[in-house]
Every structure is written in structure tokens, then in C-alpha cells.
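File shown here: structure02.cif, holding mmCIF, C-alpha atoms and all ligand atoms.
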data_run
#
loop_
_atom_site.label_atom_id
_atom_site.label_comp_id
_atom_site.auth_asym_id
_atom_site.auth_seq_id
_atom_site.Cartn_x
_atom_site.Cartn_y
_atom_site.Cartn_z
CA MET A 1 89.58 106.19 98.42
CA LYS A 2 91.21 107.64 95.34
CA LYS A 3 93.13 110.78 96.06
CA SER A 4 91.93 113.87 94.29
CA ALA A 5 93.58 114.30 90.93
CA ALA A 6 94.55 117.94 91.22
CA LEU A 7 96.53 118.41 88.05
CA HIS A 8 95.91 122.08 88.56
CA ALA A 9 96.99 122.27 92.18
CA ASP A 10 97.28 125.91 93.22
CA PHE A 11 101.02 125.74 93.53
CA GLN A 12 102.78 124.43 90.42
CA PRO A 13 106.48 125.08 89.94
CA SER A 14 107.19 126.12 86.36
CA ASN A 15 109.96 123.58 85.83
CA PHE A 16 111.42 120.42 87.28
CA THR A 17 114.73 118.65 86.83
CA PHE A 18 115.91 115.42 88.38
CA ARG A 19 118.83 115.91 90.76
CA ASP A 20 120.06 112.33 90.64
CA LEU A 21 120.63 111.73 86.94
CA LYS A 22 122.55 108.53 87.68
CA LYS A 23 119.45 107.12 89.33
CA VAL A 24 117.36 108.14 86.31
CA GLU A 25 119.81 106.29 84.06
CA GLU A 26 119.76 103.25 86.34
CA ILE A 27 115.96 103.15 86.24
CA LEU A 28 115.90 103.45 82.45
CA SER A 29 118.48 100.65 82.16
CA ARG A 30 116.10 98.19 83.87
CA TYR A 31 114.03 97.96 80.69
CA PRO A 32 114.90 96.58 77.24
CA LYS A 33 116.00 99.04 74.59
CA GLY A 34 112.98 100.76 73.10
CA LYS A 35 110.78 100.00 76.13
CA GLN A 36 111.90 102.92 78.29
CA ARG A 37 108.28 104.04 78.64
CA SER A 38 107.96 101.21 81.19
CA ALA A 39 110.05 103.38 83.52
CA VAL A 40 107.15 105.77 84.06
CA MET A 41 106.19 104.47 87.52
CA PRO A 42 109.65 104.41 89.16
CA LEU A 43 110.38 107.83 87.65
CA LEU A 44 107.16 109.22 89.14
CA ASP A 45 108.20 107.74 92.47
CA LEU A 46 111.68 109.27 92.16
CA ALA A 47 110.18 112.69 91.41
CA GLN A 48 107.85 112.46 94.40
CA ARG A 49 110.72 111.50 96.71
CA GLN A 50 112.90 114.36 95.42
CA VAL A 51 110.13 116.88 96.11
CA GLY A 52 109.64 115.31 99.55
CA GLU A 53 113.35 115.66 100.36
CA ASP A 54 113.19 119.34 99.47
CA GLY A 55 109.98 119.74 101.44
CA ALA A 56 111.44 118.20 104.60
CA LYS A 57 113.97 121.07 104.73
CA ALA A 58 111.47 123.82 103.83
CA SER A 59 109.65 126.09 106.23
CA PRO A 60 106.81 125.33 106.51
CA PRO A 61 107.63 121.75 105.53
CA TYR A 62 105.76 119.70 102.97
CA GLY A 63 105.81 116.11 101.80
CA GLY A 64 106.45 114.35 98.51
CA TRP A 65 104.16 115.16 95.60
CA ILE A 66 104.46 115.30 91.84
CA PRO A 67 104.17 118.69 90.14
CA ARG A 68 102.88 118.70 86.59
CA ALA A 69 106.30 119.96 85.43
CA ALA A 70 107.80 116.71 86.77
CA MET A 71 105.31 114.67 84.76
CA ASP A 72 106.18 116.67 81.66
CA GLU A 73 109.89 116.07 82.30
CA ILE A 74 109.27 112.33 82.66
CA ALA A 75 107.30 112.35 79.39
CA ARG A 76 110.26 114.02 77.71
CA ILE A 77 112.73 111.50 79.15
CA ILE A 78 110.77 108.41 78.13
CA ASP A 79 109.59 110.01 74.90
CA VAL A 80 105.82 109.75 75.27
CA PRO A 81 103.07 112.40 75.09
CA PRO A 82 102.57 114.02 78.55
CA ILE A 83 99.01 112.62 78.72
CA LYS A 84 100.49 109.10 78.99
CA VAL A 85 102.28 110.11 82.20
CA TYR A 86 99.22 111.98 83.54
CA GLU A 87 97.13 108.83 82.98
CA VAL A 88 99.41 106.73 85.17
CA ALA A 89 99.89 109.39 87.84
CA THR A 90 96.16 110.02 88.21
CA PHE A 91 95.28 106.31 88.35
CA TYR A 92 97.50 105.13 91.20
CA SER A 93 96.75 106.40 94.68
CA MET A 94 100.38 106.39 95.84
CA TYR A 95 101.16 109.41 93.67
CA ASN A 96 100.25 112.74 95.24
CA LEU A 97 99.28 115.33 92.67
CA ALA A 98 99.01 118.23 95.08
CA PRO A 99 101.16 119.27 98.03
CA VAL A 100 100.74 117.20 101.19
CA GLY A 101 102.07 117.55 104.71
CA LYS A 102 105.55 116.36 105.67
CA TYR A 103 103.83 113.34 107.22
CA LEU A 104 101.13 111.80 105.05
CA VAL A 105 98.95 109.80 107.44
CA GLN A 106 96.91 107.23 105.55
CA MET A 107 94.24 105.72 107.76
CA CYS A 108 92.88 102.38 106.61
CA THR A 109 89.14 102.04 107.16
CA THR A 110 88.40 98.91 105.12
CA THR A 111 86.41 96.09 106.76
CA PRO A 112 89.10 94.24 108.82
CA CYS A 113 90.48 97.53 110.19
CA MET A 114 86.95 98.84 110.70
CA LEU A 115 85.99 95.73 112.70
CA CYS A 116 89.13 96.17 114.85
CA GLY A 117 88.40 99.81 115.68
CA SER A 118 89.67 102.00 112.85
CA GLY A 119 86.81 104.41 113.60
CA ASP A 120 88.45 105.18 116.95
CA ILE A 121 91.84 105.58 115.24
CA VAL A 122 90.42 108.06 112.74
CA LYS A 123 88.80 109.96 115.60
CA ALA A 124 92.08 109.99 117.57
CA CYS A 125 93.97 111.35 114.55
CA GLU A 126 91.37 114.00 113.78
CA GLU A 127 91.10 115.16 117.38
CA LYS A 128 94.85 115.18 117.98
CA LEU A 129 95.64 117.13 114.82
CA GLY A 130 92.50 119.26 114.68
CA ILE A 131 91.81 118.42 111.03
CA HIS A 132 89.64 115.99 109.08
CA ALA A 133 90.55 113.44 106.44
CA GLY A 134 91.64 115.23 103.27
CA GLN A 135 93.05 118.22 105.17
CA THR A 136 96.55 119.41 106.09
CA THR A 137 97.60 121.02 109.36
CA GLN A 138 98.50 124.71 109.19
CA ASP A 139 102.10 124.01 110.18
CA GLY A 140 102.49 121.77 107.11
CA LEU A 141 103.40 118.75 109.20
CA PHE A 142 100.45 116.41 108.65
CA THR A 143 97.96 115.47 105.97
CA LEU A 144 95.22 113.02 106.93
CA MET A 145 93.83 110.67 104.35
CA GLU A 146 91.33 107.85 104.57
CA VAL A 147 92.36 104.92 102.37
CA GLU A 148 91.32 101.42 101.41
CA CYS A 149 93.09 98.24 102.59
CA LEU A 150 96.87 98.61 102.80
CA GLY A 151 97.46 94.86 103.04
CA ALA A 152 98.29 94.63 106.74
CA CYS A 153 94.82 93.51 107.86
CA VAL A 154 96.23 90.80 110.10
CA ASN A 155 97.58 93.49 112.44
CA ALA A 156 94.57 95.79 112.17
CA PRO A 157 93.88 98.56 112.83
CA MET A 158 96.77 100.27 111.14
CA ILE A 159 97.89 103.47 109.46
CA GLN A 160 100.68 104.28 107.04
CA VAL A 161 102.86 107.34 107.61
CA ASN A 162 104.99 108.10 104.55
CA ASP A 163 106.76 104.75 103.89
CA ASP A 164 106.14 103.15 107.29
CA TYR A 165 103.29 101.01 108.61
CA PHE A 166 102.10 101.33 112.21
CA GLU A 167 99.97 98.37 113.24
CA ASP A 168 97.93 97.02 116.17
CA LEU A 169 97.02 100.59 117.03
CA THR A 170 94.94 101.86 119.90
CA PRO A 171 93.73 105.46 120.21
CA ASP A 172 96.43 106.03 122.87
CA SER A 173 99.30 104.59 120.82
CA THR A 174 98.06 106.60 117.81
CA ARG A 175 98.10 109.85 119.80
CA GLN A 176 101.58 108.98 121.10
CA LEU A 177 102.81 108.30 117.58
CA LEU A 178 101.52 111.64 116.29
CA ASP A 179 103.07 113.36 119.28
CA ASP A 180 106.44 111.72 118.58
CA LEU A 181 106.31 112.81 114.94
CA THR A 182 105.34 116.37 115.91
CA HIS A 183 108.37 116.63 118.17
CA GLY A 184 110.76 114.95 115.76
CA ARG A 185 111.12 111.80 117.85
CA THR A 186 111.55 108.56 115.99
CA SER A 187 108.89 105.97 116.53
CA SER A 188 109.31 102.25 116.01
CA HIS A 189 107.09 101.00 113.23
CA GLY A 190 105.38 97.68 112.56
CA SER A 191 103.21 96.20 115.29
CA LEU A 192 102.98 98.53 118.27
CA LYS A 193 102.06 95.52 120.39
CA GLY A 194 105.38 93.89 119.62
CA ARG A 195 104.11 91.23 117.27
CA LYS A 196 106.64 89.96 114.77
CA GLY A 197 105.13 89.83 111.29
CA SER A 198 101.64 88.40 111.55
CA MET A 199 102.15 86.03 114.47
CA ALA A 200 99.23 85.48 116.87
CA LEU A 201 99.08 87.84 119.86
CA SER A 202 99.79 84.81 122.07
CA GLY A 203 102.95 84.05 120.09
CA PRO A 204 103.52 81.38 117.44
CA THR A 205 101.23 78.37 117.71
CA THR A 206 102.63 76.23 114.93
CA LEU A 207 106.07 75.46 113.52
CA GLN A 208 107.56 76.56 116.85
CA ASP A 209 110.85 74.76 116.25
CA LYS A 210 111.33 76.62 113.01
CA ALA A 211 110.35 79.89 114.67
CA LYS A 212 112.99 79.32 117.37
CA LYS A 213 115.57 78.54 114.74
CA ILE A 214 115.06 81.84 112.92
CA GLY A 215 114.85 83.74 116.19
CA VAL A 216 111.28 85.02 116.19
CA VAL A 217 110.47 83.46 119.60
S1 LIG B 1 91.75 96.33 106.04
FE1 LIG B 1 93.21 97.68 106.90
S2 LIG B 1 95.07 96.88 106.18
FE2 LIG B 1 93.60 95.62 105.25
#
For the file at hand, write its structure as C-alpha cells.
Ligand code: FES
Amino acid sequence: MKKSAALHADFQPSNFTFRDLKKVEEILSRYPKGKQRSAVMPLLDLAQRQVGEDGAKASPPYGGWIPRAAMDEIARIIDVPPIKVYEVATFYSMYNLAPVGKYLVQMCTTTPCMLCGSGDIVKACEEKLGIHAGQTTQDGLFTLMEVECLGACVNAPMIQVNDDYFEDLTPDSTRQLLDDLTHGRTSSHGSLKGRKGSMALSGPTTLQDKAKKIGVV
């Protein structure tokens, strides 16, 4: 599901400056001279992370998103019309164009996750947090979002919280995870059933010698 493109989100700071100018320079240096416009995506990501860092310390907290002023600043830096930056930011679903909660919970409901019970995971999230997909909790901690395949189908059902994947979920482990996040406890990510990578639930069934050698069994 494409996130809503709220270029006119209610809250828009009037200006934006990058804090880490060295990082901006490093990103620009990845591209050949004259092709700095290619830096648009990593600069959007950097802006979103900077806003998220500020939001984590705010009260109430909020998560990473990209104000329009940040897009305009990026357009200035890479010397393109602002619309060129808006086009990229509104196309890709990983860029948030309106404030989100400190924890952005993206619930995959595409076919493999759906067949493995994502409906129950969505229900567990909605009941635990008291909100529906597309909404943010009043305390600013969580935004729920229903998304398409996140590429971890082999360990379905799964959700993504900010940068981390939580896989092999059950309604109980999902509730526990949300509880941990609410109380500031760290939760291990990846498979919550202890699978390494995409190995079978019964453990590796092929190439066992190699698996032993690299320490996954
Ligand atoms: S279908 Fe959910 S991760 Fe692919």
C-alpha cells in the first residue's frame, strides 16, 4: 500500500538544515561530477533519519519523516527544481511525508504472510495499540501501517518496526514485542522462533557440513 503523499501535512517546519554536513558531502562524493542529482535518495533518507533522531528525544515523541522544507533544501543542494525531489519522495513508500510515531510498525499482508496468519498479526497489533492501520497512538509512540511484501516471506508472517524485521510472528509474540517497545525494552529481531536466515524450522536439511563450518548449526 502506498503511503499517503501528504505534502501539505498539518505540521510543516518552515526551514530545514542538515546537521551532519560531512555526511552530506560524503553522499555527494559517491557520484561523478555533474551527476549530484543522483544523491536525491540517500539525502532524503538522511533527512528522514535526522528528523527521527530529533523526534526520539521529543515529548511526545515522533518518528522519522521528511518535511517539505527538507525536500526544498535537498533540491537546492543537488541543484534541481523542487518538483524533482517531490517526485522521488512521493513515489517510494519508505519515505514518510507526514509525521509518524516513534515506532513505525509496517505489517505485511501480502499473500505468503496472509497465508501464514498475517490477519491475526494485524488484529493483535490493532487490539494491543487501540488503533487501526494508518493511525498513530495518542502518545506518539506507534504508527500502524499495512504494507505489501517486505521480502522476508520465507519467515512469514512478519512486520517491520523502523529498520528492523520481526519474523515468524504469532499473535502472542507480536503483543510481547509491542509491550517491550512501549516500555523501552530492547527486543531481539529476525526470526522470533530462532531460525537463522531462512533455514527450515527443523534446521538445515542440505549442505549440513557447510552449515556446521560457518556455525549456523
Ligand atoms: S509476503 Fe510478507 S514478507 Fe513477503
- [ ] Between A:Leu181, A:Val216, A:Leu28, A:Ile121, single out the one closest to ligand LIG 1 (chain B), counting all atoms listed in the file.
- [x] A:Ile121
Open item on the list: Around ligand LIG 1 (chain B), out to 7 Å and counting only C-alpha atoms and all ligand atoms, which residues are there? I want them as a list in words.
Closed with: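 So the residues close to ligand LIG 1 (chain B) are Cys108, Thr109, Thr110, Thr111, Pro112, Cys113, Glu148, Cys149, Leu150, Gly151, Ala152, Cys153, Ala156, Pro157 and Met158 of chain A.
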With a cut-off of 7 Å, could you pull out the residues of range 41-129 of chain A touching range 13-20 of chain A and give me the nearest pair of atoms for each, distance in Å to one decimal, using only C-alpha atoms, ordered by chain and ascending number, as CSV?
residue,atom,partner,partner_atom,distance
A:Pro67,CA,A:Pro13,CA,6.8
A:Ala69,CA,A:Asn15,CA,5.2
A:Ala70,CA,A:Phe16,CA,5.2
A:Glu73,CA,A:Phe16,CA,6.8
Open item on the list: Taking all atoms listed in the file into account, name the residue in A:Leu21, A:His183, A:Arg68, A:Gln106 that is nearest to Pro82 in chain A.
Closed with: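 Looking at the shortest contact to Pro82 in chain A, the residue is A:Arg68.
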Open item on the list: Give me the residues near Ile27 in chain A as an NGL selection string, where near means some atom within 12 Å (using all atoms listed in the file) and where sequence neighbours in that chain fewer than 6 positions away do not count.
Closed with: :A and (20-21 or 35-46 or 74 or 77-78)
TODO: Return the single residue from A:Val105, A:Thr143, A:Glu53, A:Ala89 that is closest to Leu177 in chain A, with distances computed using only C-alpha atoms.
DONE: A:Val105
Task: Long-range neighbours of range 191-207 of chain A as a ChimeraX atom specification, 7 Å cut-off, all atoms listed in the file, 2 positions minimum in chain - done: /A:154-155,166-169,189,209-211,216
For C-alpha atoms, I'd like the residues from the last selection saved as a compact mmCIF listing (two decimals), in the coordinates of the input.
# COMPACT_ATOMS: atom_id res chain seq x y z
CA VAL A 154 96.23 90.80 110.10
CA ASN A 155 97.58 93.49 112.44
CA PHE A 166 102.10 101.33 112.21
CA GLU A 167 99.97 98.37 113.24
CA ASP A 168 97.93 97.02 116.17
CA LEU A 169 97.02 100.59 117.03
CA HIS A 189 107.09 101.00 113.23
CA ASP A 209 110.85 74.76 116.25
CA LYS A 210 111.33 76.62 113.01
CA ALA A 211 110.35 79.89 114.67
CA VAL A 216 111.28 85.02 116.19
Task: Nearest candidate to Val100 in chain A (options A:Thr136, A:Gln48, A:Gln176, A:Gln12; using all atoms listed in the file) - done: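 Among the listed residues, the smallest separation from Val100 in chain A belongs to A:Thr136.
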Using all atoms of range 186-204 of chain A that appear in the file, construct an axis-aligned enclosing box with 8 Å of padding on every side and provide its centre coordinates and edge lengths in Å, rounded to one decimal, as JSON.
{"center_x": 105.3, "center_y": 95.0, "center_z": 116.7, "size_x": 28.5, "size_y": 43.2, "size_z": 26.8}
- [ ] Pick out the closest residue to Trp65 in chain A from this set: A:Val147, A:Leu129, A:Ile159, A:Leu97. Count all atoms listed in the file.
- [x]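 Smallest separation from Trp65 in chain A among the options: A:Leu97.
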- [ ] Considering only C-alpha atoms, return as a PyMOL selection string whatever protein or nucleic-acid residues lie within 12 Å of Gly63 in chain A, sequence-local ones (same chain, fewer than 5 positions apart) excluded.
- [x] chain A and resi 47-58+95-105+136+140-143+161-163
